[in-house]
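Raw target-v2.cif, mmCIF, C-alpha atoms (C1' of nucleotides):
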```
data_protein
#
loop_
_atom_site.label_atom_id
_atom_site.label_comp_id
_atom_site.auth_asym_id
_atom_site.auth_seq_id
_atom_site.Cartn_x
_atom_site.Cartn_y
_atom_site.Cartn_z
CA MET A 1 -11.51 25.30 -10.54
CA GLY A 2 -10.75 23.74 -7.20
CA ILE A 3 -11.13 26.10 -4.25
CA HIS A 4 -10.81 29.74 -5.06
CA ASN A 5 -7.71 31.32 -3.53
CA LEU A 6 -7.17 28.51 -1.02
CA ALA A 7 -3.50 28.25 -1.91
CA LYS A 8 -3.07 31.94 -1.27
CA LEU A 9 -4.98 31.81 1.99
CA ILE A 10 -2.82 29.00 3.31
CA ALA A 11 0.34 30.76 2.17
CA ASP A 12 -0.74 33.94 3.98
CA GLN A 13 -2.37 32.55 7.11
CA ALA A 14 -0.75 29.17 7.67
CA PRO A 15 2.67 29.22 6.01
CA ALA A 16 3.91 26.39 8.24
CA ALA A 17 1.63 24.06 6.30
CA ILE A 18 3.77 24.45 3.18
CA LYS A 19 7.09 22.75 2.72
CA GLU A 20 9.34 23.31 -0.26
CA GLY A 21 10.45 19.83 -1.10
CA GLU A 22 13.30 18.14 -2.84
CA MET A 23 12.61 15.27 -5.05
CA ALA A 24 14.78 13.05 -2.88
CA ASN A 25 12.03 13.26 -0.25
CA TYR A 26 9.76 11.28 -2.50
CA PHE A 27 11.95 8.32 -3.26
CA GLY A 28 10.02 5.13 -2.64
CA ARG A 29 6.76 7.01 -2.06
CA LYS A 30 3.41 6.10 -3.56
CA ILE A 31 1.56 9.03 -5.03
CA ALA A 32 -2.01 9.26 -6.38
CA ILE A 33 -2.43 11.34 -9.51
CA ASP A 34 -5.56 12.64 -11.24
CA ALA A 35 -5.16 11.04 -14.66
CA SER A 36 -7.79 13.03 -16.53
CA MET A 37 -6.28 16.28 -15.47
CA SER A 38 -2.83 15.17 -16.61
CA ILE A 39 -4.22 14.08 -19.96
CA TYR A 40 -5.92 17.40 -20.33
CA GLN A 41 -2.65 19.21 -19.75
CA PHE A 42 -0.82 17.07 -22.27
CA LEU A 43 -3.46 17.66 -24.92
CA ILE A 44 -3.14 21.37 -24.43
CA ALA A 45 0.62 21.60 -24.22
CA VAL A 46 1.94 18.96 -26.58
CA ARG A 47 1.41 20.61 -29.94
CA GLN A 48 3.14 21.37 -33.16
CA ASN A 49 1.88 24.00 -35.59
CA GLY A 50 -1.33 24.37 -33.68
CA GLU A 51 -2.20 20.69 -33.84
CA ASN A 52 -1.72 17.76 -31.51
CA LEU A 53 0.81 15.14 -32.43
CA THR A 54 -0.75 12.32 -34.43
CA ASN A 55 0.26 9.02 -35.95
CA ASP A 56 -0.12 8.16 -39.64
CA SER A 57 -3.77 7.25 -39.21
CA GLY A 58 -4.49 10.66 -37.75
CA GLU A 59 -5.02 9.49 -34.15
CA THR A 60 -3.88 11.91 -31.48
CA THR A 61 -0.79 10.80 -29.56
CA SER A 62 0.03 13.86 -27.42
CA HIS A 63 -1.48 12.33 -24.32
CA LEU A 64 0.53 9.12 -24.73
CA MET A 65 3.71 11.06 -25.31
CA GLY A 66 3.23 13.10 -22.17
CA MET A 67 2.10 10.30 -19.94
CA PHE A 68 4.76 7.89 -21.14
CA TYR A 69 7.74 10.14 -20.50
CA ARG A 70 6.45 11.72 -17.33
CA THR A 71 5.66 8.35 -15.81
CA ILE A 72 9.08 6.99 -16.76
CA ARG A 73 10.67 10.01 -15.15
CA MET A 74 8.76 9.49 -11.94
CA ILE A 75 9.64 5.82 -11.76
CA GLU A 76 13.30 6.64 -12.39
CA ASN A 77 13.11 8.90 -9.37
CA GLY A 78 11.69 6.19 -7.18
CA ILE A 79 8.08 7.39 -7.22
CA LYS A 80 5.31 4.85 -7.46
CA PRO A 81 2.44 6.61 -9.20
CA VAL A 82 -1.14 5.38 -9.24
CA TYR A 83 -3.37 7.17 -11.72
CA VAL A 84 -6.99 7.87 -10.86
CA PHE A 85 -9.56 8.38 -13.62
CA ASP A 86 -12.72 10.42 -13.22
CA GLY A 87 -16.11 8.76 -13.15
CA LYS A 88 -19.44 10.49 -13.63
CA PRO A 89 -19.42 14.03 -12.30
CA PRO A 90 -21.83 14.65 -9.41
CA GLN A 91 -25.15 16.29 -10.20
CA LEU A 92 -24.17 19.35 -8.25
CA LYS A 93 -21.36 20.04 -10.70
CA SER A 94 -23.59 20.26 -13.78
CA LYS A 95 -23.95 24.03 -13.63
CA GLU A 96 -20.20 24.39 -13.61
CA LEU A 97 -19.82 21.93 -16.46
CA GLU A 98 -22.37 23.78 -18.54
CA LYS A 99 -20.33 26.91 -18.17
CA ARG A 100 -17.22 25.11 -19.35
CA LEU A 101 -19.03 23.64 -22.34
CA GLU A 102 -20.21 27.09 -23.30
CA ARG A 103 -16.68 28.41 -23.22
CA ARG A 104 -15.50 25.58 -25.41
CA THR A 105 -18.24 26.16 -27.95
CA GLU A 106 -17.29 29.81 -28.06
CA ALA A 107 -13.64 28.93 -28.62
CA GLU A 108 -14.69 26.55 -31.37
CA ALA A 109 -16.28 29.41 -33.28
CA GLU A 110 -13.24 31.62 -32.78
CA LYS A 111 -11.02 28.83 -33.98
CA THR A 112 -12.97 28.48 -37.22
CA LYS A 113 -12.87 32.22 -37.70
CA ALA A 114 -9.11 32.24 -37.25
CA ALA A 115 -8.70 29.38 -39.69
CA ASP A 116 -10.70 31.26 -42.35
CA ALA A 117 -8.66 34.37 -41.76
CA GLY A 118 -5.45 32.36 -41.98
CA ASP A 119 -4.40 33.60 -38.54
CA GLY A 120 -2.20 30.79 -37.25
CA GLU A 121 -1.50 32.52 -33.97
CA ALA A 122 -5.15 32.90 -33.06
CA PHE A 123 -5.97 29.45 -34.34
CA ASP A 124 -3.41 27.97 -31.99
CA LYS A 125 -4.74 29.93 -29.07
CA PHE A 126 -8.36 28.98 -29.55
CA ALA A 127 -7.58 25.40 -30.49
CA ARG A 128 -6.11 24.93 -27.02
CA ARG A 129 -9.31 26.19 -25.46
CA THR A 130 -11.43 23.67 -27.30
CA VAL A 131 -9.56 20.69 -25.88
CA LYS A 132 -11.68 18.02 -24.27
CA VAL A 133 -10.63 14.68 -22.83
CA THR A 134 -12.48 11.81 -24.51
CA ARG A 135 -13.16 8.23 -23.65
CA GLU A 136 -10.51 7.20 -26.19
CA HIS A 137 -7.82 9.32 -24.58
CA ASN A 138 -8.57 7.71 -21.24
CA ASP A 139 -8.63 4.21 -22.68
CA ASP A 140 -5.34 4.75 -24.54
CA CYS A 141 -3.69 5.81 -21.31
CA LYS A 142 -5.11 2.90 -19.33
CA ARG A 143 -3.68 0.55 -21.92
CA LEU A 144 -0.32 2.28 -21.72
CA LEU A 145 -0.25 2.17 -17.92
CA THR A 146 -1.12 -1.51 -17.87
CA LEU A 147 1.77 -2.25 -20.22
CA MET A 148 4.07 -0.13 -18.07
CA GLY A 149 3.12 -2.05 -14.95
CA VAL A 150 1.63 1.05 -13.32
CA PRO A 151 -1.72 0.68 -11.53
CA TYR A 152 -4.77 2.85 -12.08
CA VAL A 153 -8.13 3.26 -10.39
CA ASP A 154 -11.51 4.14 -11.87
CA ALA A 155 -13.14 6.55 -9.45
CA PRO A 156 -16.92 6.34 -9.02
CA THR A 157 -17.16 10.13 -9.36
CA GLU A 158 -14.49 12.73 -8.72
CA ALA A 159 -10.89 11.63 -9.17
CA GLU A 160 -9.66 14.08 -6.53
CA ALA A 161 -12.04 12.56 -4.00
CA GLN A 162 -10.76 9.07 -4.77
CA CYS A 163 -7.15 10.26 -4.58
CA ALA A 164 -7.84 11.70 -1.15
CA ALA A 165 -9.49 8.44 -0.10
CA LEU A 166 -6.35 6.52 -1.07
CA VAL A 167 -4.37 8.78 1.25
CA LYS A 168 -6.85 8.35 4.09
CA GLN A 169 -6.83 4.60 3.61
CA GLY A 170 -3.07 4.66 3.94
CA LYS A 171 -2.54 3.27 0.46
CA VAL A 172 -0.50 6.19 -0.81
CA TYR A 173 1.61 8.92 0.76
CA GLY A 174 -0.12 11.86 -0.88
CA VAL A 175 -1.90 13.32 -3.88
CA GLY A 176 0.13 14.79 -6.72
CA THR A 177 -2.07 17.53 -8.15
CA GLU A 178 -2.38 21.25 -8.71
CA ASP A 179 -5.95 21.14 -7.50
CA MET A 180 -6.32 22.30 -3.91
CA ASP A 181 -9.65 20.58 -3.38
CA ALA A 182 -7.76 17.38 -2.61
CA LEU A 183 -7.34 18.94 0.84
CA THR A 184 -11.05 19.66 1.09
CA PHE A 185 -11.69 16.01 0.34
CA GLY A 186 -9.49 15.23 3.32
CA ALA A 187 -6.13 14.27 1.83
CA ASP A 188 -3.57 15.03 4.49
CA VAL A 189 -0.73 15.50 2.02
CA LEU A 190 -0.93 17.34 -1.28
CA VAL A 191 2.08 17.74 -3.53
CA ARG A 192 2.20 20.39 -6.22
CA HIS A 193 4.58 20.64 -9.15
CA LEU A 194 5.58 17.04 -8.80
CA THR A 195 7.22 16.78 -12.15
CA PHE A 196 10.79 15.89 -12.76
CA SER A 197 11.35 17.30 -16.18
CA GLU A 198 14.49 19.25 -16.97
CA THR A 199 12.38 22.23 -17.88
CA ARG A 200 10.73 22.43 -14.47
CA LYS A 201 11.06 25.79 -12.89
CA MET A 202 8.67 25.47 -9.98
CA PRO A 203 9.91 23.92 -6.74
CA ILE A 204 8.02 20.93 -5.40
CA ARG A 205 5.61 22.22 -2.78
CA GLU A 206 3.96 20.04 -0.19
CA TYR A 207 0.82 21.07 1.70
CA SER A 208 -0.13 19.45 4.99
CA LEU A 209 -3.81 19.53 5.87
CA THR A 210 -3.11 18.94 9.56
CA LYS A 211 -0.72 21.87 9.72
CA ALA A 212 -3.03 24.05 7.68
CA LEU A 213 -5.82 23.44 10.22
CA GLN A 214 -3.45 24.23 13.08
CA GLY A 215 -2.25 27.39 11.39
CA LEU A 216 -5.72 28.59 10.57
CA GLY A 217 -7.00 27.68 14.02
CA ILE A 218 -9.98 25.68 12.80
CA ASN A 219 -11.02 22.02 12.63
CA PHE A 220 -11.75 19.97 9.52
CA GLU A 221 -15.52 20.54 9.55
CA GLU A 222 -14.93 24.27 9.75
CA PHE A 223 -12.38 23.98 7.00
CA THR A 224 -14.99 22.41 4.73
CA ASP A 225 -17.34 25.33 5.29
CA LEU A 226 -14.45 27.72 4.73
CA CYS A 227 -13.78 26.13 1.33
CA ILE A 228 -17.43 26.47 0.36
CA LEU A 229 -17.33 30.14 1.29
CA LEU A 230 -14.17 30.64 -0.75
CA GLY A 231 -15.88 29.13 -3.77
CA CYS A 232 -15.93 25.54 -5.05
CA ASP A 233 -17.23 23.75 -8.14
CA TYR A 234 -20.47 22.69 -6.50
CA CYS A 235 -22.29 25.85 -5.54
CA ASP A 236 -22.14 29.62 -5.60
CA SER A 237 -20.51 31.66 -2.91
CA ILE A 238 -21.51 34.90 -1.23
CA LYS A 239 -20.47 38.02 -3.09
CA GLY A 240 -18.29 40.28 -1.01
CA ILE A 241 -16.85 37.43 1.02
CA GLY A 242 -13.33 36.51 0.00
CA GLN A 243 -10.34 34.95 1.72
CA LYS A 244 -10.10 37.35 4.63
CA ARG A 245 -13.71 37.74 5.58
CA ALA A 246 -14.43 34.05 5.04
CA LEU A 247 -11.76 33.03 7.52
CA ASP A 248 -12.82 35.70 10.02
CA LEU A 249 -16.44 34.59 9.80
CA ILE A 250 -15.62 30.92 10.24
CA LYS A 251 -13.42 31.65 13.25
CA GLN A 252 -16.14 33.75 14.78
CA HIS A 253 -19.20 31.64 14.03
CA ARG A 254 -17.75 28.16 13.31
CA ASN A 255 -20.23 27.13 10.62
CA ILE A 256 -22.23 28.47 7.71
CA GLU A 257 -25.59 28.19 9.49
CA THR A 258 -24.47 30.48 12.28
CA ILE A 259 -22.84 32.85 9.85
CA LEU A 260 -26.10 33.12 7.93
CA LYS A 261 -27.92 34.03 11.13
CA ASN A 262 -25.47 36.76 11.93
CA ILE A 263 -24.40 38.55 8.79
CA ASP A 264 -26.12 41.58 7.37
CA LYS A 265 -27.92 40.11 4.37
CA LYS A 266 -28.32 43.51 2.84
CA LYS A 267 -24.59 43.90 2.53
CA TYR A 268 -23.89 40.32 1.60
CA ALA A 269 -26.47 38.72 -0.66
CA VAL A 270 -26.81 35.01 -0.04
CA PRO A 271 -27.41 33.02 -3.27
CA ASP A 272 -30.96 31.77 -3.92
CA ASP A 273 -31.48 28.12 -2.99
CA TRP A 274 -27.91 28.01 -1.84
CA ALA A 275 -26.79 24.38 -2.01
CA TYR A 276 -24.05 24.67 0.58
CA GLU A 277 -25.39 21.75 2.60
CA GLN A 278 -25.21 19.40 -0.39
CA ALA A 279 -21.76 20.68 -1.28
CA ARG A 280 -20.70 20.02 2.29
CA GLN A 281 -21.99 16.46 2.02
CA LEU A 282 -20.05 15.87 -1.21
CA PHE A 283 -16.84 16.89 0.49
CA LYS A 284 -17.61 15.06 3.70
CA VAL A 285 -18.85 11.76 2.30
CA PRO A 286 -17.84 11.61 -1.35
CA GLU A 287 -18.53 8.49 -3.35
CA ILE A 288 -15.33 6.49 -3.23
CA LEU A 289 -14.16 2.92 -3.48
CA PRO A 290 -13.62 1.01 -0.24
CA ALA A 291 -10.05 0.10 0.56
CA ASP A 292 -10.46 -3.54 -0.40
CA ALA A 293 -11.75 -2.61 -3.86
CA THR A 294 -8.43 -1.20 -5.02
CA ASP A 295 -5.39 -3.37 -5.41
CA LEU A 296 -2.32 -1.31 -6.18
CA LYS A 297 0.50 -3.34 -7.69
CA TRP A 298 3.55 -2.01 -9.44
CA THR A 299 5.08 -4.59 -11.73
CA GLU A 300 7.77 -4.89 -14.36
CA PRO A 301 6.80 -3.37 -17.71
CA ASP A 302 5.78 -5.60 -20.57
CA GLU A 303 8.48 -4.46 -23.00
CA ASP A 304 7.30 -6.43 -26.00
CA GLY A 305 3.75 -5.29 -25.41
CA LEU A 306 4.89 -1.68 -25.08
CA VAL A 307 6.82 -1.76 -28.32
CA SER A 308 3.94 -3.41 -30.07
CA TYR A 309 1.43 -0.85 -28.80
CA MET A 310 3.45 2.33 -29.01
CA VAL A 311 5.40 1.59 -32.19
CA LYS A 312 3.16 -0.60 -34.27
CA GLU A 313 -0.21 0.81 -33.24
CA LYS A 314 0.58 4.38 -32.36
CA GLY A 315 3.47 5.17 -34.66
CA PHE A 316 6.19 5.96 -32.11
CA SER A 317 9.77 5.33 -33.07
"C1'" DA B 318 -6.64 51.78 3.39
"C1'" DC B 319 -8.23 47.51 2.70
"C1'" DT B 320 -10.73 43.86 0.60
"C1'" DC B 321 -13.19 41.74 -2.78
"C1'" DT B 322 -15.14 41.30 -7.53
"C1'" DG B 323 -14.95 40.98 -12.29
"C1'" DT B 324 -12.74 40.62 -16.33
"C1'" DC B 325 -8.81 40.32 -18.99
"C1'" DT B 326 -4.69 38.23 -20.40
"C1'" DC B 327 -1.38 34.25 -21.01
"C1'" DA B 328 0.69 29.85 -20.91
"C1'" DA B 329 0.62 25.22 -20.41
"C1'" DG B 330 5.11 18.73 -21.67
"C1'" DA B 331 9.41 16.38 -22.37
"C1'" DC B 332 13.40 15.17 -25.04
"C1'" DG B 333 18.28 15.44 -26.94
"C1'" DG B 334 21.57 18.11 -29.32
"C1'" DT B 335 23.66 22.55 -29.64
"C1'" DT C 336 -29.46 7.11 -26.99
"C1'" DG C 337 -26.22 11.39 -26.32
"C1'" DT C 338 -20.28 9.17 -23.20
"C1'" DT C 339 -16.80 12.99 -19.81
"C1'" DC C 340 -14.10 18.01 -16.70
"C1'" DT C 341 -8.92 22.93 -16.96
"C1'" DT C 342 -6.29 26.09 -14.13
"C1'" DG C 343 -3.63 29.37 -12.21
"C1'" DA C 344 -1.48 33.48 -11.99
"C1'" DG C 345 -1.17 38.15 -12.58
"C1'" DA C 346 -2.76 42.68 -13.83
"C1'" DC C 347 -6.01 46.12 -13.50
"C1'" DA C 348 -10.12 48.89 -12.69
"C1'" DG C 349 -13.88 49.79 -9.79
"C1'" DA C 350 -16.92 49.43 -6.03
"C1'" DG C 351 -18.12 48.41 -1.19
"C1'" DT C 352 -16.51 48.22 3.69
"C1'" DA D 353 19.74 28.32 -21.80
"C1'" DC D 354 17.64 27.51 -26.11
"C1'" DA D 355 15.24 26.00 -30.40
"C1'" DG D 356 13.60 22.31 -32.75
"C1'" DT D 357 11.26 18.08 -32.62
"C1'" DC D 358 8.42 14.36 -30.86
"C1'" DC D 359 3.83 11.83 -33.84
#
```
Just dump the structure as structure tokens.
Amino acid sequence: MGIHNLAKLIADQAPAAIKEGEMANYFGRKIAIDASMSIYQFLIAVRQNGENLTNDSGETTSHLMGMFYRTIRMIENGIKPVYVFDGKPPQLKSKELEKRLERRTEAEAEKTKAADAGDGEAFDKFARRTVKVTREHNDDCKRLLTLMGVPYVDAPTEAEAQCAALVKQGKVYGVGTEDMDALTFGADVLVRHLTFSETRKMPIREYSLTKALQGLGINFEEFTDLCILLGCDYCDSIKGIGQKRALDLIKQHRNIETILKNIDKKKYAVPDDWAYEQARQLFKVPEILPADATDLKWTEPDEDGLVSYMVKEKGFS
DNA sequence: ACTCTGTCTCAAGACGGT
DNA sequence: TGTTCTTGAGACAGAGT
DNA sequence: ACAGTCC
């Protein structure tokens, strides 16, 4: 879920942090991309008659289709993408993940119901909600990327954290994602809608963390606490505190501890065993690979290998 | 009046030919 | 051994400040 | 711009 309403808050309170970009700005730039999230989107979107695309053996190919063409399109436009795959989610995220699993299970039941009723429309809808990225999807895409000469990184935990680390280490220009928590992890540049398809309708939008901090009038530590107050994947937030009050409180008190000492707890109920300190640590010192552990090399594609894999193994034409 | 919450919905990619 | 995550936006009603 | 197709 990223950070609740952070995009809106920046748009309202620090508009100078957002730049509407042209794709020419990105020629020659290296960009880190959350691979698992991309795969997820492809699995949901690339469908025909309610089902994913498959080869003759029944293996899903939607993710390869999406990743193949999108990556080609980026390279054609001079972008050097590096894909980052998720590792094990942090313990603190388990509550959130449970919730998501529950929703999937629910959708699974609805899907079956729709199938029995012969309702294709509903089947399609619920089928999309049951999508889950598997080990095989990830491995397929890693194989594809290797053949294409595009590097990838296996993150120890959160892909967004590793993407941000690559920016901080100066290995890439920015993170290409829709997920605003890349900023919370400290990426200075976040690029949204970085897709070059003909059907794109959203302009490329670049967020600068430095300018966002200037515009909001807070420092990075305060920004982290602000994000926790807005609502992140790692812990609850305080009911009744949204974008406006969260920013006001941070500006007034500068950190969550001081806010807790000063707010009326009868009006604003603080969650039990609120894990904000642990969440703060995850954002501040996420588990990431050191700079010398990632070697990003873009090479010529292995054309014979690509044909062999995509055509012979996966049934592309 | 303003702000936030909660809950609901929906839609989601990329290509080439027309 | 069991192995992997969605998200964002918009609309609307309702309650608290 | 749009509808059909990709596998």
* To do: Expand the PyMOL selection byres ((chain C) within 9 of (chain A)) into the individual residues it matches in the shown file, reporting them as a PyMOL selection string.
  => chain C and resi 338-343+351
Selected residues written out with C-alpha atoms (C1' of nucleotides), as a short mmCIF file (atom, residue, chain, number, x, y, z; two decimals), keeping the file's coordinate frame:
```
data_model
loop_
_atom_site.label_atom_id
_atom_site.label_comp_id
_atom_site.auth_asym_id
_atom_site.auth_seq_id
_atom_site.Cartn_x
_atom_site.Cartn_y
_atom_site.Cartn_z
"C1'" DT C 338 -20.28 9.17 -23.20
"C1'" DT C 339 -16.80 12.99 -19.81
"C1'" DC C 340 -14.10 18.01 -16.70
"C1'" DT C 341 -8.92 22.93 -16.96
"C1'" DT C 342 -6.29 26.09 -14.13
"C1'" DG C 343 -3.63 29.37 -12.21
"C1'" DG C 351 -18.12 48.41 -1.19
#
```
Give, as JSON, the centre coordinates and the x, y and z edge lengths in Å to one decimal for an axis-aligned box around all listed atoms of range 319-325 of chain B, padded by 4 Å on each side.
```
{"center_x": -11.7, "center_y": 43.9, "center_z": -8.1, "size_x": 14.9, "size_y": 15.2, "size_z": 29.7}
```
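By chain and then residue number, the residues within 12 Å of DG334 in chain B are DC354, DA355, DG356 and DT357 of chain D, counting only C-alpha atoms (C1' of nucleotides) and disregarding those fewer than 4 positions away in sequence.
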Using the selection just defined, write its residues with C-alpha atoms (C1' of nucleotides) as a PDB file, in the coordinates of the input.
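The resulting file, selection_5.pdb, is shown below:
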```pdb
ATOM      1  C1'  DC D 354      17.640  27.510 -26.110  1.00  0.00           C
ATOM      2  C1'  DA D 355      15.240  26.000 -30.400  1.00  0.00           C
ATOM      3  C1'  DG D 356      13.600  22.310 -32.750  1.00  0.00           C
ATOM      4  C1'  DT D 357      11.260  18.080 -32.620  1.00  0.00           C
TER       5       DT D 357
END
```
* To do: Please provide the set of residues having any atom within 8 Å of Tyr234 in chain A, restricted to only C-alpha atoms (C1' of nucleotides), with same-chain residues fewer than 2 positions apart removed, written as a PyMOL selection string.
  => chain A and resi 92-93+96+232+236+275+279
* **Target residues per the PyMOL selection byres ((chain A and resi 62) around 8), formatted as a VMD selection string** => (chain A and resid 42 to 43 46 to 47 52 to 54 60 to 61 63 to 66) or (chain D and resid 359)
* Skipping near chain neighbours, those fewer than 4 positions away, what residues fall within 10 Å of DC327 in chain B using only C-alpha atoms (C1' of nucleotides), listed as a PyMOL selection string? -> (chain A and resi 125) or (chain C and resi 344-345)
* Would you list which chain B residues are within 10 Å of chain A using only C-alpha atoms (C1' of nucleotides), as a list in words? ->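 Per the criterion, chain B yields DT320, DC321, DT322, DC327, DA328, DA329, DG330, DA331 and DC332 of chain B.
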* **Among the residues A:Ser94, A:Asp302, A:Glu160, A:Asn55, the one that comes closest to chain D [using all atoms listed in the file]** =>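 Result for the nearest residue to chain D: A:Asn55.
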* To do: Name the residues captured by the PyMOL selection byres ((chain A and resi 270-272) around 10) when it is applied to the shown file; answer as a PyMOL selection string.
  => chain A and resi 235-239+260+263-269+273-276
* Asked: How would you write as a ChimeraX atom specification the residues that get within 12 Å of (-10.9, 15.1, -4.2) in the file's frame, counting only C-alpha atoms (C1' of nucleotides)?
  -> /A:2-3,32-34,84-86,89,155-168,174-190,232-233,282-288
Take range 98-117 of chain A from the block and save it with N, CA and C atoms, as an mmCIF file, in the first residue's frame.
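Output contents, as saved in part05.cif:
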```cif
data_model
loop_
_atom_site.group_PDB
_atom_site.id
_atom_site.type_symbol
_atom_site.label_atom_id
_atom_site.label_comp_id
_atom_site.auth_asym_id
_atom_site.auth_seq_id
_atom_site.Cartn_x
_atom_site.Cartn_y
_atom_site.Cartn_z
ATOM 1 N N GLU A 98 -1.117 -10.972 5.935
ATOM 2 C CA GLU A 98 -2.249 -11.813 6.302
ATOM 3 C C GLU A 98 -3.541 -11.252 5.731
ATOM 4 N N LYS A 99 -3.678 -9.963 5.867
ATOM 5 C CA LYS A 99 -4.867 -9.290 5.353
ATOM 6 C C LYS A 99 -5.012 -9.539 3.855
ATOM 7 N N ARG A 100 -3.895 -9.428 3.150
ATOM 8 C CA ARG A 100 -3.938 -9.589 1.695
ATOM 9 C C ARG A 100 -4.285 -11.018 1.328
ATOM 10 N N LEU A 101 -3.738 -11.973 2.084
ATOM 11 C CA LEU A 101 -4.038 -13.377 1.833
ATOM 12 C C LEU A 101 -5.528 -13.629 2.006
ATOM 13 N N GLU A 102 -6.072 -13.039 3.049
ATOM 14 C CA GLU A 102 -7.489 -13.212 3.329
ATOM 15 C C GLU A 102 -8.334 -12.709 2.157
ATOM 16 N N ARG A 103 -7.954 -11.573 1.641
ATOM 17 C CA ARG A 103 -8.699 -11.012 0.511
ATOM 18 C C ARG A 103 -8.620 -11.919 -0.711
ATOM 19 N N ARG A 104 -7.455 -12.504 -0.896
ATOM 20 C CA ARG A 104 -7.297 -13.411 -2.039
ATOM 21 C C ARG A 104 -8.167 -14.640 -1.889
ATOM 22 N N THR A 105 -8.153 -15.200 -0.680
ATOM 23 C CA THR A 105 -8.962 -16.391 -0.415
ATOM 24 C C THR A 105 -10.437 -16.106 -0.678
ATOM 25 N N GLU A 106 -10.858 -14.941 -0.242
ATOM 26 C CA GLU A 106 -12.236 -14.521 -0.459
ATOM 27 C C GLU A 106 -12.546 -14.453 -1.955
ATOM 28 N N ALA A 107 -11.641 -13.844 -2.702
ATOM 29 C CA ALA A 107 -11.829 -13.703 -4.141
ATOM 30 C C ALA A 107 -11.852 -15.072 -4.826
ATOM 31 N N GLU A 108 -11.078 -15.988 -4.269
ATOM 32 C CA GLU A 108 -11.037 -17.349 -4.807
ATOM 33 C C GLU A 108 -12.430 -17.978 -4.748
ATOM 34 N N ALA A 109 -13.078 -17.814 -3.619
ATOM 35 C CA ALA A 109 -14.419 -18.361 -3.446
ATOM 36 C C ALA A 109 -15.407 -17.717 -4.416
ATOM 37 N N GLU A 110 -15.298 -16.404 -4.543
ATOM 38 C CA GLU A 110 -16.189 -15.679 -5.451
ATOM 39 C C GLU A 110 -15.968 -16.115 -6.906
ATOM 40 N N LYS A 111 -14.724 -16.387 -7.204
ATOM 41 C CA LYS A 111 -14.377 -16.812 -8.556
ATOM 42 C C LYS A 111 -15.062 -18.145 -8.877
ATOM 43 N N THR A 112 -14.955 -19.075 -7.947
ATOM 44 C CA THR A 112 -15.586 -20.386 -8.122
ATOM 45 C C THR A 112 -17.094 -20.240 -8.287
ATOM 46 N N LYS A 113 -17.647 -19.387 -7.450
ATOM 47 C CA LYS A 113 -19.090 -19.147 -7.516
ATOM 48 C C LYS A 113 -19.481 -18.644 -8.912
ATOM 49 N N ALA A 114 -18.703 -17.692 -9.396
ATOM 50 C CA ALA A 114 -18.987 -17.098 -10.708
ATOM 51 C C ALA A 114 -18.849 -18.138 -11.817
ATOM 52 N N ALA A 115 -17.866 -19.008 -11.671
ATOM 53 C CA ALA A 115 -17.663 -20.054 -12.673
ATOM 54 C C ALA A 115 -18.872 -20.988 -12.712
ATOM 55 N N ASP A 116 -19.366 -21.368 -11.538
ATOM 56 C CA ASP A 116 -20.539 -22.253 -11.462
ATOM 57 C C ASP A 116 -21.762 -21.590 -12.071
ATOM 58 N N ALA A 117 -21.869 -20.293 -11.832
ATOM 59 C CA ALA A 117 -23.031 -19.568 -12.335
ATOM 60 C C ALA A 117 -22.869 -19.203 -13.814
#
```
